[in-house]
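**Q** For reference, the file model_16.cif (mmCIF, C-alpha atoms and all ligand atoms) is included below:
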data_upload
#
loop_
_atom_site.label_atom_id
_atom_site.label_comp_id
_atom_site.auth_asym_id
_atom_site.auth_seq_id
_atom_site.Cartn_x
_atom_site.Cartn_y
_atom_site.Cartn_z
CA MET U 1 88.01 35.03 11.77
CA GLN U 2 90.62 33.71 9.36
CA ILE U 3 92.15 35.16 6.22
CA ARG U 4 91.70 33.16 2.99
CA ARG U 5 94.75 33.30 0.74
CA ILE U 6 94.93 33.23 -3.07
CA HIS U 7 98.42 33.08 -4.57
CA PHE U 8 99.53 33.69 -8.17
CA GLU U 9 102.91 33.06 -9.77
CA THR U 10 102.42 36.01 -12.13
CA ILE U 11 99.74 38.66 -12.12
CA ASP U 12 99.39 42.21 -13.46
CA SER U 13 98.80 43.65 -9.99
CA THR U 14 97.49 42.09 -6.77
CA ASN U 15 95.35 45.27 -6.48
CA ASN U 16 93.87 44.88 -10.00
CA TRP U 17 92.91 41.20 -9.92
CA PRO U 18 90.41 41.47 -7.02
CA LYS U 19 88.73 44.52 -8.58
CA ARG U 20 88.20 42.54 -11.82
CA ASN U 21 86.99 39.43 -9.98
CA LEU U 22 84.59 40.74 -7.38
CA ASN U 23 82.46 37.61 -7.55
CA ALA U 24 85.39 35.63 -6.09
CA PHE U 25 84.77 37.36 -2.73
CA SER U 26 82.03 37.00 -0.18
CA ILE U 27 80.76 39.73 2.10
CA ASP U 28 82.00 38.31 5.42
CA GLU U 29 85.63 37.42 4.73
CA ILE U 30 89.10 38.88 4.36
CA VAL U 31 91.07 37.52 1.42
CA LEU U 32 94.80 37.98 0.91
CA ILE U 33 95.95 38.04 -2.71
CA THR U 34 99.69 37.47 -3.17
CA ALA U 35 101.96 36.98 -6.16
CA ASP U 36 105.56 36.01 -6.90
CA GLU U 37 105.69 38.70 -9.57
CA GLN U 38 103.62 41.64 -10.82
CA THR U 39 103.84 42.71 -14.45
CA LEU U 40 102.04 46.04 -13.81
CA GLY U 41 102.76 46.74 -10.13
CA ARG U 42 101.31 50.13 -9.20
CA GLY U 43 102.37 52.67 -6.59
CA ARG U 44 100.70 55.87 -5.39
CA TYR U 45 100.38 58.84 -7.76
CA GLN U 46 100.44 56.64 -10.88
CA ASN U 47 103.98 55.48 -10.13
CA ARG U 48 105.19 52.03 -11.11
CA TRP U 49 106.01 49.57 -8.33
CA GLU U 50 109.06 47.51 -9.30
CA SER U 51 107.91 43.89 -8.90
CA PRO U 52 110.51 41.33 -10.10
CA PRO U 53 109.75 37.60 -9.56
CA LYS U 54 110.38 35.84 -6.23
CA GLN U 55 112.25 38.74 -4.62
CA ASN U 56 109.65 40.61 -2.61
CA ILE U 57 106.20 40.59 -1.00
CA TYR U 58 103.35 41.81 -3.22
CA ALA U 59 100.14 41.46 -1.23
CA SER U 60 96.60 42.88 -1.14
CA PHE U 61 94.11 42.42 1.71
CA CYS U 62 90.57 42.50 0.32
CA PHE U 63 87.23 42.81 2.11
CA PHE U 64 83.82 44.45 1.99
CA GLU U 65 83.54 47.52 4.18
CA THR U 66 81.08 47.30 7.06
CA ALA U 67 79.02 50.40 7.80
CA HIS U 68 80.76 51.70 10.93
CA LEU U 69 84.38 51.41 9.76
CA ASN U 70 86.38 54.60 9.15
CA LEU U 71 89.01 53.39 6.70
CA GLY U 72 90.89 56.67 6.20
CA ASN U 73 93.75 55.33 8.29
CA LEU U 74 93.80 51.79 6.88
CA PRO U 75 97.04 52.46 4.93
CA LYS U 76 98.67 53.61 8.19
CA LEU U 77 97.51 50.40 9.88
CA LEU U 78 99.10 48.45 7.04
CA SER U 79 102.38 50.32 7.42
CA ILE U 80 102.38 49.61 11.19
CA THR U 81 101.80 45.92 10.33
CA ALA U 82 104.82 45.95 7.98
CA VAL U 83 106.92 47.68 10.67
CA GLN U 84 106.00 44.97 13.21
CA MET U 85 106.94 42.22 10.72
CA ILE U 86 110.26 43.89 9.86
CA GLU U 87 111.10 44.58 13.52
CA LYS U 88 110.78 40.86 14.30
CA LEU U 89 113.82 40.39 12.01
CA GLY U 90 115.92 42.81 14.06
CA PHE U 91 115.58 46.00 11.97
CA SER U 92 114.48 49.43 13.24
CA PRO U 93 112.17 50.70 10.49
CA LYS U 94 110.55 54.15 10.54
CA ILE U 95 107.35 55.47 9.00
CA LYS U 96 107.32 58.42 6.61
CA TRP U 97 103.83 59.98 6.79
CA PRO U 98 101.42 58.71 5.75
CA ASN U 99 102.44 55.11 5.07
CA ASP U 100 105.93 54.58 3.61
CA VAL U 101 108.26 52.37 5.63
CA LEU U 102 111.94 53.36 5.58
CA ILE U 103 115.13 51.68 6.71
CA SER U 104 118.24 53.89 6.88
CA GLY U 105 116.13 56.67 5.34
CA LYS U 106 115.35 54.59 2.22
CA LYS U 107 111.97 53.16 1.25
CA VAL U 108 111.48 49.46 1.88
CA SER U 109 107.67 49.30 1.77
CA GLY U 110 104.68 51.23 0.42
CA CYS U 111 100.88 50.88 0.57
CA LEU U 112 98.17 51.52 -1.99
CA CYS U 113 94.58 51.29 -0.70
CA GLU U 114 91.67 51.49 -3.12
CA GLY U 115 87.89 51.14 -2.96
CA VAL U 116 85.23 50.08 -5.47
CA PHE U 117 81.48 50.48 -5.05
CA VAL U 118 79.48 47.28 -5.56
CA GLU U 119 75.80 48.14 -5.43
CA ARG U 120 75.37 49.45 -1.86
CA ASN U 121 78.65 48.02 -0.54
CA LYS U 122 82.22 49.21 -0.81
CA PHE U 123 84.94 46.70 -1.62
CA ILE U 124 88.36 47.56 -0.24
CA VAL U 125 91.73 46.50 -1.63
CA ALA U 126 94.62 47.31 0.69
CA GLY U 127 97.86 46.58 -1.16
CA ILE U 128 101.36 46.48 0.25
CA GLY U 129 104.76 45.89 -1.31
CA ILE U 130 107.78 45.05 0.85
CA ASN U 131 111.25 44.77 -0.67
CA ILE U 132 112.73 41.60 0.80
CA ASN U 133 115.51 39.88 -1.18
CA MET U 134 115.79 42.55 -3.90
CA PRO U 135 119.41 42.95 -5.09
CA SER U 136 120.90 46.33 -6.00
CA GLU U 137 120.45 45.70 -9.79
CA SER U 138 116.66 45.66 -9.29
CA LEU U 139 116.69 48.53 -6.78
CA GLN U 140 118.56 50.72 -9.26
CA LYS U 141 115.45 50.72 -11.48
CA ILE U 142 113.59 52.71 -8.79
CA ASN U 143 113.94 56.48 -9.22
CA LYS U 144 113.82 57.26 -5.47
CA PRO U 145 116.09 56.10 -2.62
CA ALA U 146 114.98 52.51 -1.99
CA THR U 147 116.32 49.49 -0.18
CA SER U 148 115.51 45.88 0.69
CA LEU U 149 115.99 43.74 3.79
CA TYR U 150 118.71 41.84 1.89
CA ILE U 151 120.66 45.02 1.10
CA GLU U 152 120.44 46.16 4.73
CA SER U 153 121.52 42.87 6.34
CA GLY U 154 123.27 40.80 3.66
CA LYS U 155 120.83 37.97 4.51
CA LYS U 156 118.19 36.29 2.30
CA TYR U 157 114.73 35.71 3.80
CA ASP U 158 112.00 33.09 3.35
CA ILE U 159 109.29 35.17 1.65
CA GLU U 160 106.51 32.66 2.36
CA GLU U 161 107.29 32.70 6.09
CA LEU U 162 107.22 36.52 6.10
CA VAL U 163 103.86 36.58 4.26
CA ARG U 164 102.43 34.34 7.00
CA THR U 165 103.77 36.68 9.70
CA LEU U 166 102.31 39.69 7.87
CA GLN U 167 98.95 37.93 7.45
CA ASN U 168 98.71 37.00 11.16
CA GLN U 169 99.79 40.45 12.30
CA PHE U 170 97.28 42.14 9.97
CA LEU U 171 94.45 39.97 11.28
CA CYS U 172 95.33 40.86 14.86
CA ASN U 173 95.65 44.61 14.07
CA PHE U 174 92.55 44.73 11.88
CA THR U 175 90.41 43.06 14.56
CA SER U 176 91.33 45.82 17.01
CA PHE U 177 91.05 48.57 14.33
CA SER U 178 87.54 47.32 13.42
CA SER U 179 86.31 47.77 16.96
CA ASP U 180 88.33 50.75 18.25
CA GLY U 181 89.58 52.59 15.14
CA PHE U 182 93.04 54.13 14.68
CA LYS U 183 93.38 55.87 18.07
CA PRO U 184 94.86 52.85 19.92
CA PHE U 185 97.52 52.59 17.17
CA TRP U 186 98.43 56.28 17.28
CA PRO U 187 101.09 56.04 20.07
CA ARG U 188 102.88 53.25 18.18
CA TYR U 189 102.62 55.18 14.92
CA ILE U 190 104.14 58.28 16.56
CA GLU U 191 106.89 56.21 18.14
CA LYS U 192 107.92 54.88 14.70
CA LEU U 193 107.75 58.22 12.86
CA TYR U 194 110.71 59.22 10.72
CA HIS U 195 109.93 62.95 11.07
CA GLN U 196 111.09 65.19 13.86
CA GLN U 197 109.47 68.42 14.94
CA GLY U 198 111.09 71.51 13.44
CA VAL U 199 112.78 69.75 10.51
CA LYS U 200 112.23 71.56 7.20
CA MET U 201 110.00 69.83 4.66
CA SER U 202 108.11 70.41 1.42
CA PHE U 203 104.62 69.06 1.06
CA ARG U 204 102.43 68.57 -1.99
CA ASP U 205 98.63 68.33 -1.71
CA HIS U 206 95.98 68.62 -4.45
CA GLU U 207 96.38 72.40 -4.31
CA LYS U 208 100.09 73.21 -4.40
CA LEU U 209 103.57 72.70 -3.00
CA TRP U 210 103.89 73.96 0.59
CA GLU U 211 107.17 74.86 2.35
CA GLY U 212 107.54 74.74 6.12
CA SER U 213 108.59 72.38 8.87
CA PHE U 214 107.21 69.19 10.38
CA HIS U 215 105.11 69.85 13.49
CA SER U 216 103.07 66.79 14.55
CA ILE U 217 100.68 63.96 13.71
CA LEU U 218 97.27 64.16 15.40
CA SER U 219 95.41 61.16 16.82
CA ASP U 220 93.15 61.12 13.75
CA GLY U 221 96.27 60.47 11.64
CA SER U 222 96.42 63.93 10.03
CA LEU U 223 99.62 65.94 9.62
CA ASN U 224 100.30 69.38 11.09
CA MET U 225 102.89 71.44 9.26
CA LEU U 226 104.25 74.73 10.59
CA LEU U 227 104.22 77.41 7.88
CA PRO U 228 106.79 80.26 7.71
CA ASN U 229 104.06 82.73 8.86
CA GLY U 230 103.71 80.80 12.14
CA GLN U 231 100.39 79.17 11.25
CA LEU U 232 99.74 75.44 11.59
CA LYS U 233 98.33 73.85 8.44
CA ASN U 234 96.52 70.51 8.78
CA PHE U 235 96.58 67.88 6.00
CA TYR U 236 94.78 64.55 5.60
CA SER U 237 96.48 63.51 2.38
CA GLY U 238 99.42 64.44 0.23
CA GLU U 239 103.11 63.70 0.00
CA ILE U 240 106.08 64.89 2.03
CA PHE U 241 109.32 65.66 0.20
CA LEU U 242 112.25 65.36 2.54
C1 LIG U 301 103.57 53.31 -3.01
O1 LIG U 301 104.28 53.52 -2.03
O2 LIG U 301 103.66 54.01 -4.02
C2 LIG U 301 102.57 52.19 -2.95
C3 LIG U 301 103.14 50.90 -3.40
C4 LIG U 301 102.14 49.75 -3.33
C5 LIG U 301 102.68 48.49 -3.96
C6 LIG U 301 101.80 47.31 -3.72
S1 LIG U 301 102.52 45.79 -4.24
C7 LIG U 301 101.01 44.97 -3.99
C8 LIG U 301 99.93 45.89 -4.50
N1 LIG U 301 99.79 45.74 -5.93
C9 LIG U 301 100.12 46.84 -6.60
O3 LIG U 301 100.09 46.97 -7.84
N2 LIG U 301 100.49 47.79 -5.76
C10 LIG U 301 100.43 47.35 -4.38
#
I need this file expressed as structure tokens, please.

**A**
Amino acid sequence: MQIRRIHFETIDSTNNWPKRNLNAFSIDEIVLITADEQTLGRGRYQNRWESPPKQNIYASFCFFETAHLNLGNLPKLLSITAVQMIEKLGFSPKIKWPNDVLISGKKVSGCLCEGVFVERNKFIVAGIGININMPSESLQKINKPATSLYIESGKKYDIEELVRTLQNQFLCNFTSFSSDGFKPFWPRYIEKLYHQQGVKMSFRDHEKLWEGSFHSILSDGSLNMLLPNGQLKNFYSGEIFL
């Protein structure tokens, strides 16, 4: 299988365009939507994703879900893919559960995966942003600690070349994920984790803010947090506050 690529100079969001243009996709392909710039880049939890022109990667992998796929861990697969691409450049990135990529404790990449029902099929849009040549003036607009490969190394990178690396790596990972699921990726995911057992953390799920410490990530990708009463609490989604 190959990935078909559609590139835009300017777009509202590489996650929005495919959802508005479903008839541009056929059932048996993966399409990668990329853009030089996003005017309405979106992050998780209704956050904005800072998307200035020709500085970063803004990319969304789009495909129709086949019946047997469990896509709950697709964002984690995408973050592993970003880690592999970034490691090839000599960095040592880490993953903050579930799918943020950090360098020196600051966010360099995030994933936003969404699904839309089309008659009896589900169409998946797996979006990723990676800060590549973003200078500090642009990074200052982000209200959380963030960085770019340029800030970390002082070097500028060829964005097109990095998109090709990301695309090839995703195809390779997704092929294995489609047949064997997340389990084979779990050891690599654990190896790249930012969190260490016993370190205090706050965690927000749909219910409330939890206080405790990091315990572990299970092979299904879920998080175990140790609560002050000694109980382990298991989460499938939510956000860690360090
Ligand atoms: C996050 O960590 O909050 C998720 C960020 C996801 C950003 C990417 S950039 C490409 C795609 N298009 C969007 O509007 N968002 C995702």

**Q** Compute the set of protein, DNA and RNA residues whose minimum atom distance to ligand LIG 301 (chain U) is at most 7 Å, using all atoms listed in the file, and state it as a list in words.

**A** Ser13, Thr14, Asn15, Asn16, Leu40, Gly41, Arg42, Gly43, Arg44, Tyr45, Asn47, Trp49, Tyr58, Ala59, Ser60, Asp100, Ser109, Gly110, Cys111, Leu112, Gly127, Ile128 and Gly129 of chain U

**Q** Could you build a table of the residues in segment 16-98 of chain U lying no more than 7 Å from segment 153-171 of chain U, giving for each the nearest pair of atoms and their separation in Å rounded to one decimal place, using all atoms listed in the file, ordered by chain and ascending residue number, as a Markdown table?

**A**
| residue | atom | partner | partner_atom | distance |
| --- | --- | --- | --- | --- |
| U:Asn56 | CA | U:Ile159 | CA | 6.9 |
| U:Ile57 | CA | U:Ile159 | CA | 6.8 |
| U:Thr81 | CA | U:Phe170 | CA | 5.9 |
| U:Ala82 | CA | U:Leu166 | CA | 6.7 |
| U:Met85 | CA | U:Leu166 | CA | 6.0 |

**Q** Save the residues we just selected, C-alpha atoms, as a PDB file, in the coordinates of the input?

**A**
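Written output follows (result34.pdb):
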ATOM      1  CA  ASN U  56     109.650  40.610  -2.610  1.00  0.00           C
ATOM      2  CA  ILE U  57     106.200  40.590  -1.000  1.00  0.00           C
ATOM      3  CA  THR U  81     101.800  45.920  10.330  1.00  0.00           C
ATOM      4  CA  ALA U  82     104.820  45.950   7.980  1.00  0.00           C
ATOM      5  CA  MET U  85     106.940  42.220  10.720  1.00  0.00           C
TER       6      MET U  85
END

**Q** So what do you get for atom CA of Gln55 of chain U versus atom CA of Arg4 of chain U, distance-wise?

**A**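 Distance reported for this atom pair: 22.6 Å.
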
**Q** Measuring atom to atom with all atoms listed in the file, identify which of U:Ile6, U:Ile95, U:Leu32, U:Val101 is nearest to Lys192 of chain U.

**A**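 Going through U:Ile6, U:Ile95, U:Leu32, U:Val101 one by one, the smallest distance to Lys192 of chain U is for U:Ile95.
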
**Q** Can you find the residues with an atom no farther than 8 Å from (102.0, 77.4, 4.1), counting all atoms listed in the file, and report them as a tab-separated table (two decimals) with C-alpha atoms, in the frame of the given file?

**A**
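Final output, part.tsv:
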chain	number	residue	atom	x	y	z
U	210	TRP	CA	103.89	73.96	0.59
U	211	GLU	CA	107.17	74.86	2.35
U	212	GLY	CA	107.54	74.74	6.12
U	225	MET	CA	102.89	71.44	9.26
U	226	LEU	CA	104.25	74.73	10.59
U	227	LEU	CA	104.22	77.41	7.88
U	228	PRO	CA	106.79	80.26	7.71
U	229	ASN	CA	104.06	82.73	8.86
U	231	GLN	CA	100.39	79.17	11.25
U	233	LYS	CA	98.33	73.85	8.44

**Q** Tell me which of U:Ile190, U:Ile11, U:Leu69, U:Ala35 sits closest to Ser178 of chain U, counting only C-alpha atoms.

**A**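 Nearest to Ser178 of chain U: U:Leu69.
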
**Q** Take the point (95.1, 71.9, 10.4) as written in the file and pick out every residue within 9 Å of it, counting all atoms listed in the file; give the list as a list in words.

**A**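 Residues lying no farther than 9 Å from the given point: Ser222, Leu223, Asn224, Met225, Leu232, Lys233, Asn234, Phe235 and Tyr236 of chain U.
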
**Q** So for segment 72-88 of chain U, what box centre and size do we get, axis-aligned, 4 Å extra on each of the six sides, every listed atom, Å to one decimal, as AutoDock Vina command-line options?

**A**
--center_x 101.0 --center_y 48.8 --center_z 9.6 --size_x 28.2 --size_y 23.8 --size_z 17.4

**Q** What is the atom CA of Cys62 of chain U to atom CA of Ile27 of chain U distance in Å?

**A**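 So the answer is 10.3 Å.
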
**Q** Would you please work out which residue, of U:Ile3, U:Leu71, U:Leu242, U:Val31, is nearest to Gly181 of chain U when using only C-alpha atoms?

**A**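 Once distances to Gly181 of chain U are computed over only C-alpha atoms, the minimum belongs to U:Leu71.
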
**Q** Which residue, U:Gln46, U:Tyr150, U:Ser104, U:Met134, has the smallest gap to Leu89 of chain U when you use all atoms listed in the file?

**A**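 Result for the nearest residue to Leu89 of chain U: U:Tyr150.
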
**Q** Of the candidates U:Thr66, U:Gln2, U:Gln197, U:Ser237, which shows the shortest atom-to-atom distance to Lys122 of chain U, using only C-alpha atoms?

**A** U:Thr66

**Q** Each residue of segment 84-144 of chain U with at least one atom at most 12 Å from segment 198-206 of chain U should appear once, together with its nearest atom pair and the corresponding distance in Å (one decimal); atoms considered: all atoms listed in the file; ordering: chain, then increasing residue number; output as JSON lines.

**A**
{"residue": "U:Lys96", "atom": "CA", "partner": "U:Met201", "partner_atom": "CA", "distance": 11.9}
{"residue": "U:Trp97", "atom": "CA", "partner": "U:Phe203", "partner_atom": "CA", "distance": 10.8}
{"residue": "U:Pro98", "atom": "CA", "partner": "U:Phe203", "partner_atom": "CA", "distance": 11.8}

**Q** Keeping only C-alpha atoms, write the selected residues as a PDB file, in the coordinates of the input.

**A**
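Full text of part.pdb as output:
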ATOM      1  CA  LYS U  96     107.320  58.420   6.610  1.00  0.00           C
ATOM      2  CA  TRP U  97     103.830  59.980   6.790  1.00  0.00           C
ATOM      3  CA  PRO U  98     101.420  58.710   5.750  1.00  0.00           C
TER       4      PRO U  98
END

**Q** For atom CA of Glu119 of chain U and atom CA of Glu65 of chain U, determine how far apart the two atoms are, in Å to one decimal place.

**A** 12.4 Å

**Q** Considering only C-alpha atoms, state which residue in the set U:Lys208, U:Lys54, U:Lys94, U:His195 is at the smallest distance from Pro135 of chain U.

**A** U:Lys54
